[in-house]
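Engineer: Quick one: this structure, given as structure tokens, is what I'll be asking you about.
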Amino acid sequence: MARNLLGIGGVFAVALLLVGLTFSTTQEAPADFRFIAGAEPKTLDPHLMTGQVEGRYADALFEGLTYRDPETLEPRPGVARSWEISPDKKLYVFHLRPEARWDDGTPITAHDFAWSWRRLQAPELGSEYAYILHVVRGAEAFNAYAGHADLLESTVLPGLKALRADHPGGIPAPAWQRYVAKAHLNDAVKGTTDAPIQAALALKQGVLADPALGALEAALSAEAARRRAAAAHARVHFGVDEGIYARDDHTLVVELIAPTPYFLELTAFYTSFPVPRHLVEHPAHRDDWFLPEKIVGNGPFRLAAWRVNEKMRLVRSPTYWNRDAIALDVIDAFPVENSSAALNLYLTGAVDWNTNPPPLAIVDALRARYPGEYVLNPSMTVYYYRFNCTRKPFDDPRVRRAIALAVDRETIVRHVLRKGDTPAQHIVPYGLPGYEPPPSPLGLKVEEARALLAEAGYPGGRGFPEVKLLYNTLEQHKLIAETVAGDLKRHLGLTVVPFNQEWQAYQATTLAGEYDMARAGWIGDYADPNTFLDLWITNGGNNQTGWSNAAYDRLLWFAADPDRFLAEADAWLGRLAEPERARARIAAVSAAPDPAAQVEAKAALRMHLLREAEALLVTEVPVLPVYFYVNQNLVKPHVKGWHPNPQDIHPLRGLFVQRPEGP
């Protein structure tokens, strides 16, 4: 115990200077509540965000149709005071509050939401998260179909003609699959119902030759025309009178392509938040409308100041419809990424809440000394490494799987982290309602890993290039990366060099695909396995691995609307990992005695389709799952309204402070 307490004291002393520097320029009155935000946000535009840091600010500055209950995270009426859902659960009619205002006093209307969701889907905006609302009718067509048509007409079809010329006797399956990946064909035809295209994408052996090639070219031309027509239709109607549209100023209609059990959670998620059209479209503000002197939000707080690398100040909004329910008047958020500095700001009382993981060396001491403040709870979060599947040798699934089989996850969670995290052999965390992950081939299997690596042409690691392992700056990421590098050297003979970048540089590097392997983590956006699995669809905004698998895309497409799978089940059952399990769920749909029972049976079928998709994921291994998190927070006893939860979401709207009275 004494040694551990001295460890805390040592870390405390090292960072005192950092504490002074952080507050040296702060002259205004102290805030009611202060917390460590973790990093600088890359943007305050909700439609361009992708991270937890940004999301916490968005949740304070903006509000969607619903908001998360601070204790349960269940969706509560936000800008929408009420709504109706059709019996088939595909039509939502929201009734907006007449008193809802932007914080410049401008009324918020249903037209603001329709315009904002249309902006989110506009391909020229380039939102990485636009796909999350592709459950809305016409959203994907508006967002992606014109690009798909361009790709088919300008790249895929001309390239196919050249490939045919190179292989007059028919295109061998390996050459064909290389072309599919190079031309991004899976992305361009995602969701197609055309049989020749589906058959060609599924070809893994043999030769693609006439007449199949002729049928394929005709089908691709027709697919391009269909998508271009659908995109043109969506350009006219999406956000106007289809998909999402305003019936009047205070009535918003949303049409879904299929029942989406988590839809009201999406309307509480920052991607779906409205943005102020009257500001965003203004020529003088469209590129910097989110800066402190310009930003207009509609949430419980407004941005008062943003001093980069020092702090962000939020104040209670005078125009928020439920202003009287917000307890905090002034909040300061500090963008501190260094674990020791963040801990010392907390220990000195400079902040009330530390969201950063503390240094691993003193986890045991913190647990013992601050049992009521150091809060650990199971998390709906997975820690993993991306493989850059566009780079050799990571384009070979045998290599990826060999590496995944050579990492000792038990050692990482027991001896490096030491706080109760769970080794992960799949991507979807345990405990999501209605979902059971598939059996996984992953785990520590060194002999199998060596055999796979030799089969891929690198026996004993000979000839394998040096691997750069990227992580964003944080002590525990460094220690885990070093442990993984050691495992791969010891078990496979590979040379792995960990290196770090600060958060914004790390995001830019991974987005550009300029890495070999890169650390990542994903917190579920909603309580459904889809939030973890739709990351890996071809060219998905958060994929960033370059991995593409037509069958995986198709399974996610089926899961979005199980009626699609029912229409193609006969052709697909033989391709599934667990066909008998699927047959049982199909039979349950057919035997459902009433519409409500049929909806429930289709929901069970949907979960099985997601399970099948994850089975493909852990076989192809575009990402290496490491562990499922335990959330770590340090929270002062005087902070009230803070509730541990699996998503580690703690809305600022629900917090208040009760400091002990002086003597």
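By convention here, the chains of the structure tokens are called A, B, ... in the order presented, each chain's residues are numbered starting at 1, and ligands are numbered starting at 1 in the order presented.
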What's around Asn539 in chain A at 10 Å? Count only C-alpha atoms, leave out sequence neighbours fewer than 2 positions away in its own chain, and write the answer as a list of chain:residue names.
Structural biologist: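 Skipping anything fewer than 2 positions along the chain leaves A:Glu128, A:His184, A:Asn186, A:Asp187, A:Ala188, A:Leu535, A:Trp536, A:Ile537, A:Gly541, A:Asn542, A:Asn543, A:Gln544, A:Thr545, A:Gly546, A:Trp547, A:Ser548.
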Engineer: Write out as a ChimeraX atom specification the residues lying within 7 Å of range 60-72 of chain A, counting only C-alpha atoms and excluding same-chain residues fewer than 5 positions away.
Structural biologist: /A:77-80,264,267-268,272-274,297-302,643,650-654
Engineer: Given only C-alpha atoms as the basis, pick out the residue of A:Leu566, A:Ala199, A:Val136, A:Ala183 nearest to Asp150 in chain A.
Structural biologist: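 Distance minimum relative to Asp150 in chain A lands on A:Ala183.
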Engineer: Contacts of range 385-398 of chain A at 9 Å or less, counting only C-alpha atoms, minus same-chain residues fewer than 6 places along, as JSON, numbers by chain?
Structural biologist: {"A": [181, 449, 452, 453, 455, 456, 464, 465, 469, 513, 514, 515, 516, 517, 518, 519, 520, 521, 543, 544, 545, 546, 547, 548, 619, 620, 621, 622, 623, 624, 625, 626]}
Engineer: Got a sec: who's within 12 Å of Tyr383 in chain A, counting only C-alpha atoms, leaving out chain neighbours fewer than 3 positions off, as JSON, numbers by chain?
Structural biologist: {"A": [379, 380, 386, 409, 412, 413, 421, 422, 423, 424, 425, 426, 427, 428, 429, 471, 476, 477, 480, 481, 518, 519, 520, 521, 522, 523, 524, 532, 623, 624, 625, 626, 627, 628, 629, 630, 631]}
Engineer: Can you tell me, as a short mmCIF file (atom, residue, chain, number, x, y, z; two decimals) with C-alpha atoms, in the first residue's frame, what residues are no more than 12 Å from Ser82 in chain A when counting only C-alpha atoms, ignoring any on the same chain fewer than 5 positions away?
Structural biologist:
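Wrote part_3.cif, looks like this:
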```
data_model
loop_
_atom_site.label_atom_id
_atom_site.label_comp_id
_atom_site.auth_asym_id
_atom_site.auth_seq_id
_atom_site.Cartn_x
_atom_site.Cartn_y
_atom_site.Cartn_z
CA LEU A 65 -35.85 15.11 -31.86
CA THR A 66 -35.07 13.07 -28.76
CA PRO A 75 -34.69 8.35 -25.60
CA ARG A 76 -36.82 11.15 -24.14
CA PRO A 77 -38.81 13.87 -25.93
CA TYR A 92 -42.83 8.12 -37.58
CA VAL A 93 -44.72 11.38 -37.18
CA PHE A 94 -43.02 13.81 -34.79
CA HIS A 95 -44.75 16.82 -33.24
CA LEU A 96 -42.23 19.59 -32.49
CA ARG A 97 -42.38 22.00 -29.58
CA HIS A 250 -44.26 21.65 -36.25
CA THR A 251 -44.96 18.25 -37.83
CA LEU A 252 -42.11 16.12 -39.17
CA LEU A 264 -35.34 6.72 -31.50
#
```
Engineer: Which of these, A:Ser221, A:Ile257, A:Pro276, A:Ser86, has the shortest distance to Thr109 in chain A once you count only C-alpha atoms?
Structural biologist: A:Pro276
Engineer: Please return as an mmCIF file with C-alpha atoms, in the first residue's frame: the residues of range 367-453 of chain A that backbone DSSP assigns to helix (DSSP H, G or I).
Structural biologist:
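So result.cif came out as:
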```cif
data_model
loop_
_atom_site.group_PDB
_atom_site.id
_atom_site.type_symbol
_atom_site.label_atom_id
_atom_site.label_comp_id
_atom_site.auth_asym_id
_atom_site.auth_seq_id
_atom_site.Cartn_x
_atom_site.Cartn_y
_atom_site.Cartn_z
ATOM 1 C CA ARG A 367 -8.946 1.592 -6.501
ATOM 2 C CA ALA A 368 -7.854 1.282 -2.874
ATOM 3 C CA ARG A 369 -7.564 4.958 -1.976
ATOM 4 C CA PRO A 397 -6.530 -12.897 -44.838
ATOM 5 C CA ARG A 398 -4.134 -15.674 -43.794
ATOM 6 C CA VAL A 399 -1.655 -13.030 -42.622
ATOM 7 C CA ARG A 400 -4.312 -11.099 -40.734
ATOM 8 C CA ARG A 401 -5.624 -14.221 -39.059
ATOM 9 C CA ALA A 402 -2.111 -15.409 -38.163
ATOM 10 C CA ILE A 403 -1.435 -12.120 -36.383
ATOM 11 C CA ALA A 404 -4.790 -12.274 -34.605
ATOM 12 C CA LEU A 405 -3.980 -15.805 -33.382
ATOM 13 C CA ARG A 409 -5.215 -11.079 -24.908
ATOM 14 C CA GLU A 410 -5.299 -12.656 -21.444
ATOM 15 C CA THR A 411 -1.895 -11.199 -20.608
ATOM 16 C CA ILE A 412 -3.011 -7.770 -21.799
ATOM 17 C CA VAL A 413 -6.122 -7.643 -19.621
ATOM 18 C CA ARG A 414 -4.652 -9.385 -16.557
ATOM 19 C CA HIS A 415 -1.130 -8.021 -16.368
ATOM 20 C CA VAL A 416 -1.095 -4.805 -18.419
ATOM 21 C CA LEU A 417 -4.531 -3.296 -17.746
ATOM 22 C CA VAL A 446 0.433 -20.003 -31.838
ATOM 23 C CA GLU A 447 1.002 -23.167 -33.881
ATOM 24 C CA GLU A 448 -1.974 -22.433 -36.107
ATOM 25 C CA ALA A 449 -0.725 -18.870 -36.504
ATOM 26 C CA ARG A 450 2.722 -20.053 -37.570
ATOM 27 C CA ALA A 451 1.225 -22.495 -40.067
ATOM 28 C CA LEU A 452 -0.953 -19.768 -41.603
ATOM 29 C CA LEU A 453 1.982 -17.386 -41.885
#
```
